[in-house]
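Reproduced below: structure-v1.txt, with compact mmCIF, C-alpha atoms.
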# COMPACT_ATOMS: atom_id res chain seq x y z
CA MET A 892 -5.57 -29.83 -3.20
CA ASN A 893 -9.11 -29.83 -1.81
CA GLU A 894 -8.35 -26.70 0.21
CA ASN A 895 -10.38 -23.65 -0.69
CA LEU A 896 -8.42 -21.24 -2.87
CA PHE A 897 -9.37 -18.29 -0.68
CA THR A 898 -8.67 -19.94 2.68
CA SER A 899 -5.45 -17.95 3.14
CA PHE A 900 -7.45 -14.70 2.94
CA ILE A 901 -9.77 -15.56 5.83
CA THR A 902 -9.11 -13.53 8.97
CA PRO A 903 -7.34 -15.86 11.46
CA THR A 904 -8.87 -16.46 14.87
CA MET A 905 -7.64 -17.91 18.16
CA MET A 906 -10.27 -19.47 20.41
CA GLY A 907 -12.91 -17.70 18.35
CA VAL A 908 -11.30 -14.26 18.78
CA PRO A 909 -9.88 -12.50 15.67
CA ILE A 910 -6.15 -11.89 16.06
CA VAL A 911 -5.81 -9.52 13.13
CA VAL A 912 -4.97 -6.67 15.53
CA LEU A 913 -1.91 -8.55 16.77
CA ILE A 914 -0.89 -9.29 13.18
CA VAL A 915 -1.24 -5.62 12.22
CA MET A 916 0.89 -4.56 15.21
CA PHE A 917 3.59 -7.17 14.54
CA PRO A 918 5.53 -5.21 11.81
CA SER A 919 6.35 -2.49 14.35
CA ILE A 920 8.67 -5.00 16.06
CA LEU A 921 10.84 -5.04 12.93
CA PHE A 922 11.68 -1.34 13.29
CA PRO A 923 12.91 -0.85 16.86
CA SER A 924 14.00 2.54 18.13
CA PRO A 925 17.82 2.68 18.26
CA SER A 926 19.10 2.81 21.82
CA ARG A 927 22.83 2.65 21.15
CA LEU A 928 25.27 5.46 20.52
CA ILE A 929 26.48 3.71 17.35
CA ASP A 930 23.84 1.81 15.37
CA ASN A 931 24.46 -1.63 13.93
CA ARG A 932 24.41 -2.31 10.19
CA LEU A 933 20.75 -3.33 10.04
CA VAL A 934 19.50 -0.18 11.78
CA SER A 935 21.85 1.96 9.67
CA ILE A 936 20.49 0.44 6.45
CA GLN A 937 16.92 0.98 7.64
CA GLN A 938 17.60 4.60 8.49
CA TRP A 939 19.36 5.18 5.16
CA LEU A 940 16.43 3.70 3.22
CA VAL A 941 13.92 5.80 5.19
CA TRP A 942 16.00 8.94 4.61
CA LEU A 943 16.35 8.21 0.88
CA THR A 944 12.62 7.54 0.45
CA SER A 945 11.55 10.57 2.47
CA LYS A 946 13.96 12.81 0.54
CA GLN A 947 12.55 11.66 -2.79
CA MET A 948 8.91 11.76 -1.73
CA LEU A 949 8.93 15.07 0.15
CA SER A 950 11.01 17.04 -2.33
CA ILE A 951 7.87 18.34 -4.09
CA HIS A 952 6.16 19.54 -0.90
CA ASN A 953 6.15 22.89 0.79
CA ARG A 954 6.45 23.30 4.56
CA LYS A 955 2.81 22.41 5.20
CA GLY A 956 3.17 19.23 3.18
CA GLN A 957 6.43 18.28 4.88
CA THR A 958 4.64 18.16 8.24
CA TRP A 959 3.15 14.88 6.94
CA ALA A 960 6.62 13.31 6.71
CA LEU A 961 6.21 11.05 9.76
CA MET A 962 2.76 9.90 8.59
CA LEU A 963 3.97 9.07 5.07
CA MET A 964 7.09 7.24 6.24
CA SER A 965 5.11 5.25 8.81
CA LEU A 966 2.60 4.36 6.09
CA ILE A 967 5.14 3.05 3.59
CA LEU A 968 7.00 1.08 6.29
CA PHE A 969 3.79 -0.46 7.57
CA ILE A 970 2.42 -1.48 4.16
CA GLY A 971 5.79 -2.72 2.90
CA SER A 972 6.56 -4.82 5.98
CA THR A 973 3.01 -6.20 6.11
CA ASN A 974 3.16 -7.21 2.44
CA LEU A 975 6.53 -8.91 2.92
CA LEU A 976 5.43 -10.78 6.05
CA GLY A 977 2.40 -12.01 4.11
CA LEU A 978 4.71 -13.91 1.76
CA LEU A 979 5.86 -16.19 4.58
CA PRO A 980 4.25 -19.67 4.63
CA HIS A 981 1.09 -20.05 6.74
CA SER A 982 0.94 -16.31 7.33
CA PHE A 983 -1.84 -13.77 6.86
CA THR A 984 -1.64 -10.56 4.81
CA PRO A 985 -3.93 -7.82 6.18
CA THR A 986 -3.54 -5.78 2.97
CA THR A 987 -5.53 -8.41 1.05
CA GLN A 988 -8.60 -7.21 2.96
CA LEU A 989 -10.40 -4.38 1.17
CA SER A 990 -11.91 -3.18 4.44
CA MET A 991 -8.48 -2.59 5.97
CA ASN A 992 -7.15 -0.81 2.88
CA LEU A 993 -10.23 1.41 2.84
CA GLY A 994 -9.61 2.09 6.52
CA MET A 995 -6.17 3.44 5.57
CA ALA A 996 -7.14 5.20 2.35
CA ILE A 997 -10.28 7.08 3.42
CA PRO A 998 -8.86 8.92 6.50
CA LEU A 999 -5.67 9.86 4.63
CA TRP A 1000 -7.61 11.07 1.59
CA ALA A 1001 -10.07 12.96 3.81
CA GLY A 1002 -7.15 14.58 5.63
CA THR A 1003 -5.60 15.82 2.38
CA VAL A 1004 -8.95 17.15 1.12
CA ALA A 1005 -9.67 18.87 4.43
CA THR A 1006 -6.19 20.42 4.34
CA GLY A 1007 -6.89 21.72 0.84
CA PHE A 1008 -10.22 23.28 1.79
CA ARG A 1009 -8.60 24.88 4.84
CA TYR A 1010 -5.49 26.39 3.25
CA LYS A 1011 -6.40 26.58 -0.48
CA THR A 1012 -10.17 26.98 -0.51
CA LYS A 1013 -10.44 28.74 -3.88
CA ALA A 1014 -8.00 26.40 -5.62
CA SER A 1015 -9.75 23.33 -4.18
CA LEU A 1016 -13.16 24.54 -5.36
CA ALA A 1017 -11.68 25.45 -8.76
CA HIS A 1018 -10.90 21.75 -9.37
CA PHE A 1019 -14.64 21.09 -9.66
CA LEU A 1020 -14.98 23.50 -12.59
CA PRO A 1021 -12.11 23.86 -15.11
CA GLN A 1022 -11.56 27.32 -16.52
CA GLY A 1023 -13.31 28.12 -19.79
CA THR A 1024 -16.05 25.49 -19.38
CA PRO A 1025 -19.16 26.25 -21.52
CA PHE A 1026 -22.16 27.18 -19.39
CA PRO A 1027 -24.39 24.23 -20.47
CA LEU A 1028 -21.66 21.73 -19.37
CA ILE A 1029 -21.12 23.23 -15.91
CA PRO A 1030 -23.58 20.95 -13.99
CA MET A 1031 -22.29 17.82 -15.71
CA LEU A 1032 -18.61 18.66 -15.10
CA VAL A 1033 -19.23 19.48 -11.44
CA ILE A 1034 -20.88 16.07 -10.99
CA ILE A 1035 -18.06 14.28 -12.85
CA GLU A 1036 -15.32 16.03 -10.87
CA THR A 1037 -17.12 15.32 -7.60
CA ILE A 1038 -17.41 11.63 -8.45
CA SER A 1039 -13.75 11.47 -9.49
CA LEU A 1040 -12.77 13.06 -6.17
CA PHE A 1041 -14.71 10.53 -4.12
CA ILE A 1042 -13.37 7.63 -6.20
CA GLN A 1043 -9.76 8.40 -5.22
CA PRO A 1044 -9.72 6.49 -1.88
CA MET A 1045 -11.59 3.58 -3.46
CA ALA A 1046 -8.99 3.42 -6.25
CA LEU A 1047 -6.18 3.46 -3.69
CA ALA A 1048 -7.67 0.59 -1.70
CA VAL A 1049 -8.74 -1.54 -4.69
CA ARG A 1050 -5.35 -1.19 -6.40
CA LEU A 1051 -3.47 -2.43 -3.33
CA THR A 1052 -5.97 -5.22 -2.62
CA ALA A 1053 -6.06 -6.47 -6.22
CA ASN A 1054 -2.29 -6.57 -6.72
CA ILE A 1055 -1.51 -8.33 -3.44
CA THR A 1056 -4.41 -10.79 -3.78
CA ALA A 1057 -3.55 -11.65 -7.39
CA GLY A 1058 0.04 -12.42 -6.47
CA HIS A 1059 -0.96 -14.66 -3.57
CA LEU A 1060 -3.44 -16.54 -5.74
CA LEU A 1061 -0.82 -17.14 -8.44
CA ILE A 1062 1.66 -18.47 -5.88
CA HIS A 1063 -1.04 -20.71 -4.41
CA LEU A 1064 -2.06 -22.10 -7.82
CA ILE A 1065 1.47 -22.68 -9.13
CA GLY A 1066 2.55 -24.17 -5.80
CA GLY A 1067 -0.38 -26.61 -5.93
CA ALA A 1068 0.42 -27.48 -9.54
CA THR A 1069 4.07 -28.13 -8.66
CA LEU A 1070 3.05 -30.47 -5.85
CA ALA A 1071 0.62 -32.34 -8.09
CA LEU A 1072 3.13 -32.69 -10.94
CA THR A 1073 5.80 -34.16 -8.65
CA SER A 1074 4.27 -37.64 -8.89
CA ILE A 1075 3.51 -37.31 -12.62
CA SER A 1076 6.52 -35.72 -14.31
CA THR A 1077 9.66 -34.71 -12.45
CA ILE A 1078 10.95 -32.50 -15.27
CA THR A 1079 7.67 -30.61 -15.58
CA ALA A 1080 7.49 -30.24 -11.82
CA LEU A 1081 11.04 -28.82 -11.80
CA ILE A 1082 10.15 -26.27 -14.49
CA THR A 1083 7.03 -25.29 -12.56
CA PHE A 1084 9.08 -24.95 -9.39
CA ILE A 1085 11.51 -22.60 -11.15
CA ILE A 1086 8.53 -20.51 -12.29
CA LEU A 1087 7.28 -20.49 -8.70
CA VAL A 1088 10.64 -19.24 -7.40
CA LEU A 1089 10.75 -16.48 -10.03
CA LEU A 1090 7.17 -15.51 -9.22
CA THR A 1091 8.01 -15.35 -5.51
CA ILE A 1092 10.92 -13.01 -6.24
CA LEU A 1093 8.55 -10.89 -8.35
CA GLU A 1094 6.07 -10.80 -5.48
CA PHE A 1095 8.76 -9.47 -3.14
CA ALA A 1096 9.26 -6.62 -5.61
CA VAL A 1097 5.50 -6.08 -6.00
CA ALA A 1098 5.07 -5.94 -2.20
CA LEU A 1099 7.53 -3.06 -1.96
CA ILE A 1100 6.35 -1.32 -5.14
CA GLN A 1101 2.72 -1.35 -4.04
CA ALA A 1102 3.67 0.17 -0.68
CA TYR A 1103 5.56 2.90 -2.52
CA VAL A 1104 2.74 3.52 -5.02
CA PHE A 1105 0.09 3.76 -2.28
CA THR A 1106 2.18 6.24 -0.29
CA LEU A 1107 3.20 8.18 -3.40
CA LEU A 1108 -0.42 8.68 -4.46
CA VAL A 1109 -1.33 9.91 -0.97
CA SER A 1110 1.66 12.25 -1.22
CA LEU A 1111 0.44 13.56 -4.60
CA TYR A 1112 -3.06 14.14 -3.21
CA LEU A 1113 -1.43 16.07 -0.37
CA HIS A 1114 0.68 18.09 -2.82
CA ASP A 1115 -2.45 19.10 -4.75
CA ASN A 1116 -4.04 20.40 -1.54
CA THR A 1117 -1.15 22.25 0.11

Could you take the file, read its structure, and then write that structure out as structure tokens?
Amino acid sequence: MNENLFTSFITPTMMGVPIVVLIVMFPSILFPSPSRLIDNRLVSIQQWLVWLTSKQMLSIHNRKGQTWALMLMSLILFIGSTNLLGLLPHSFTPTTQLSMNLGMAIPLWAGTVATGFRYKTKASLAHFLPQGTPFPLIPMLVIIETISLFIQPMALAVRLTANITAGHLLIHLIGGATLALTSISTITALITFIILVLLTILEFAVALIQAYVFTLLVSLYLHDNT
């Protein structure tokens, strides 16, 4: 119980060398390339889920937007698998680090904005000044729209970081309370343990939902710029 509450969010090291790169690369092992003529059930389920998600997410895009299909599917698989692996005991979740989430959000957001300025220059510039704006409000609205544009990657990163971190903290606190109540009241400890199990199930859902929300928002930014 004397352990620091935020110890699980510290980047792990081995012999003084950060091993976060190995942890980030680990989820790719869970999605091997099929090498058989007939896939097994696990690979078939994975492919069906990827097909279903890509069909739903890319249905709103034109041909230019659909060229991002591999990027979007890789993104949702990476974030989802990383979030799920972070729920294992004594593991590390890279998506609890704001720096990593910003490292994903900023290049993707910049790519969508650059695509918009390349293929839809007039429409992209028109977002900074809504039609029918009174002349005295033009400078203020341009500043507001510019700020809202640059806030988008920050909102993406902060949303993912906050949701994953909050869930891990709740599991850590309730798990510690369950362990402490074991020697005090068995019934109370049992009730707390049931709450912990339910919260863990909820966190599995949150891990997948946050991966979907992050990718969906990137997809919507792309749709607005293609």

Which neighbours of Leu940 (chain A) fall inside 12 Å, counting only C-alpha atoms, when residues of the same chain fewer than 6 positions from it are skipped, and could you give them as a list in words? Leu933, Val934, Lys946, Gln947, Met964, Ile967 and Leu968 of chain A

Any idea what the distance is between CA of Leu1047 (chain A) and CA of Ala1098 (chain A)?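 Interatomic distance, CA of Leu1047 (chain A) to CA of Ala1098 (chain A): 14.7 Å.
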
If you measure from CA of Phe983 (chain A) to CA of Val1088 (chain A), what distance in Å do you get, rounded to one decimal?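 Taking CA of Phe983 (chain A) and CA of Val1088 (chain A), their separation equals 19.7 Å.
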
Rounded to one decimal in Å, what is the spacing between CA of Leu949 (chain A) and CA of Ser1110 (chain A)? 7.9 Å

Near Val1004 (chain A), within 9 Å and counting all atoms listed in the file, which residues show up once chain neighbours fewer than 3 positions away are dropped, as a tab-separated table (two decimals) with C-alpha atoms, in the frame of the given file?
chain	number	residue	atom	x	y	z
A	999	LEU	CA	-5.67	9.86	4.63
A	1000	TRP	CA	-7.61	11.07	1.59
A	1001	ALA	CA	-10.07	12.96	3.81
A	1007	GLY	CA	-6.89	21.72	0.84
A	1008	PHE	CA	-10.22	23.28	1.79
A	1009	ARG	CA	-8.60	24.88	4.84
A	1015	SER	CA	-9.75	23.33	-4.18
A	1112	TYR	CA	-3.06	14.14	-3.21
A	1113	LEU	CA	-1.43	16.07	-0.37
A	1115	ASP	CA	-2.45	19.10	-4.75
A	1116	ASN	CA	-4.04	20.40	-1.54

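Closest to Lys1011 (chain A) among A:His981, A:Arg932, A:Lys955, A:Arg1050 is A:Lys955, based on only C-alpha atoms.
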
From A:Ser1039, A:Met1045, A:Leu975, A:Met991, residue lying nearest Ala1096 (chain A) [only C-alpha atoms]: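 Among the listed residues, A:Leu975 lies closest to Ala1096 (chain A).
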
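With all atoms listed in the file as the basis for measurement, A:Ala996 is the residue among A:Ile951, A:Leu1111, A:Ala996, A:Met962 that approaches Thr1052 (chain A) most closely.
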
My list of candidates is A:Leu1064, A:Asn992, A:Val1033, A:Thr1117. Which is closest to Pro1021 (chain A) when distances are computed with all atoms listed in the file?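 Once distances to Pro1021 (chain A) are computed over all atoms listed in the file, the minimum belongs to A:Val1033.
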
Using only C-alpha atoms and a cutoff of 12 Å, can you tell me which residues are near (-2.7, -5.2, 5.7) in the file's coordinates, and write them out as a ChimeraX atom specification? /A:900,902,911-918,966-977,982-996,1048,1051-1052,1055-1056,1098,1101-1102

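Each of A:Leu1081, A:Leu1016, A:Met1031, A:Val1109 was compared to Ile997 (chain A) using only C-alpha atoms, and A:Val1109 turns out to be the nearest.
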
Give the answer as one residue: which of A:Ser1076, A:Ser935, A:Ser945, A:Thr1012 has the shortest atom-to-atom distance to Gln957 (chain A), using only C-alpha atoms?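 Using only C-alpha atoms, the shortest distance to Gln957 (chain A) belongs to A:Ser945.
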